[in-house]
Amino acid sequence: MSELEVGGPVALIGAGKMGGALMDGWLALGLPGSQLIVRDPAAPPEISRLIVEHGISLNPEIEALAARRPRIVLLAVKPQMFADVLPSLKPLVAPGTIFVSIAAGISLAGLEALLGAEAEIVRAMPNTPSAVGRGVTALIANAHVDAAAKTHVTALMSAVGEAHWLASEELMDAVTALSGSGPAYIFHMVEAMAEAGAKLGLEPDMAMALARATVAGAGEMLHRSQLPAAKLRQNVTSPGGTTEAALKVLMGEEGLARLMEAAMTAARDRSRELGN
Ligand SMILES: NC(=O)C1=CN([C@@H]2O[C@H](COP(=O)(O)OP(=O)(O)OC[C@H]3O[C@@H](n4cnc5c(N)ncnc54)[C@H](O)[C@@H]3O)[C@@H](O)[C@H]2O)C=CC1
Ligand SMILES: O=C(O)[C@@H]1CCC=N1
């Protein structure tokens with residue numbers, strides 16, 4: 001990825017778990033450290049190491065940052081901090097600077113209220129697999145974001161995975177519940193499978209190794225194959241065999257689909273609350 005494709009420097013405000021995952025992904029894909037500027041008073045150690053390694057400008061004064069004319073300012077602090085942090089970033093508001101917020105819940109109108117109605121703003125919902133170039137991000141823009149700006153934001157986010165523009169902002173809460181939080185559901189499934197394996201008599205370390213490799217392998221098949229998930233599932237399920245016995249439990253009335261709907265509804269509702 002070169003400066004040209006993104007249109008100018010990228011400023012990252014908050015380099016924690018998600019901001020750091022994005023930064024990691026961009027650097028791995030060739031964004032030069034000279035094109036990144038980070039503001040974070042307490043970045044985690046592994047991110048601080050990357051900042052030093054790549055000679056990334058850290059915590060410049062706001063005036064110095066404004067003078068660099070960042071093309072994209074990516075807002076990656078906790079949603080609860082937006083009201084404190086965003087007003088201090090107002091000096092960065094300028095034609096041609098796009099603010100990209102990845103905060104769960106905070107609406108375009110809420111962001112405009114904090115940055116000014118003239119600000120060019122995109123709401124994005126990425127996920128942490130962006131760190132390994134396998135993220136997925138949903139996007140929605142306010143009225144000031146033109147086609148060239150959308151192209152640059154798409155380039156930045158699709159550098160670390162897939163990027164999809166949404167038809168309506170309302171969908172962002174559902175996206176947050178599905179793909180934003182989703183990696184955690186899968187990691188928890190690994191924990192649950194390993195725990196169950198240990199209860200069935202496997203050494204805990206062996207159970208975890210098998211669970212991790214199984215989920216990673218299944219994920220890779222989903223990535224590489226054009227087949228629907230249902231077909232991949234059917235290919236494992238021998239009639240009258242072991243998988244069928246397990247799926248009778250998982251796909252029963254009180255099974256995973258119902259549990260997932262309840263879990264994702266809770267995430268969707270929390271996303272709505274965070275915006276209030
Ligand atoms: N963790 C995830 O999987 C995802 C998180 N998000 C969103 O990303 C945002 C950040 O979440 P996480 O990375 O999980 O949180 P985090 O707590 O890991 O990162 C937040 C970072 O902001 C920094 N920070 C605090 N005050 C600051 C300030 N005044 N200026 C600049 N930086 C400051 C903190 O030091 C920390 O490194 C949230 O808005 C969340 O909704 C979105 C998608 C996925
Ligand atoms: O848990 C959260 O609120 C953030 C948003 C999506 C994933 N992590």
# chains A, B, ... in the order shown; residues from 1 in each chain; ligands from 1
>>> residues_near_ligand(ligand="ligand 2", cutoff="9 Å", atoms="only C-alpha atoms and all ligand atoms", output="list in words")
Met18, Lys78, Pro79, Ile102, Ala103, Ala104, Gly105, Met125, Pro126, Asn127, Thr128, Val175, Thr176, Ala177, Leu178, Ser179, Gly180, Ser181, Gly182, Pro183, Ala184, Ala267, Arg270, Ser271 and Leu274 of chain A
>>> residues_around(residues="Ala15 in chain A", least_positions_apart="2", cutoff="6 Å", atoms="only C-alpha atoms", output="ChimeraX atom specification")
/A:19-20,43
>>> select_by_dssp(residues="range 24-204 of chain A", states="alpha helix (DSSP H)", output="ChimeraX atom specification")
/A:24-28,45-53,62-67,82-85,108-115,147-158,172-175,182-199,204
>>> closest_residue(among="A:Leu232, A:Gly219, A:Ala113, A:Arg272", to="ligand 1", atoms="only C-alpha atoms and all ligand atoms")
A:Arg272
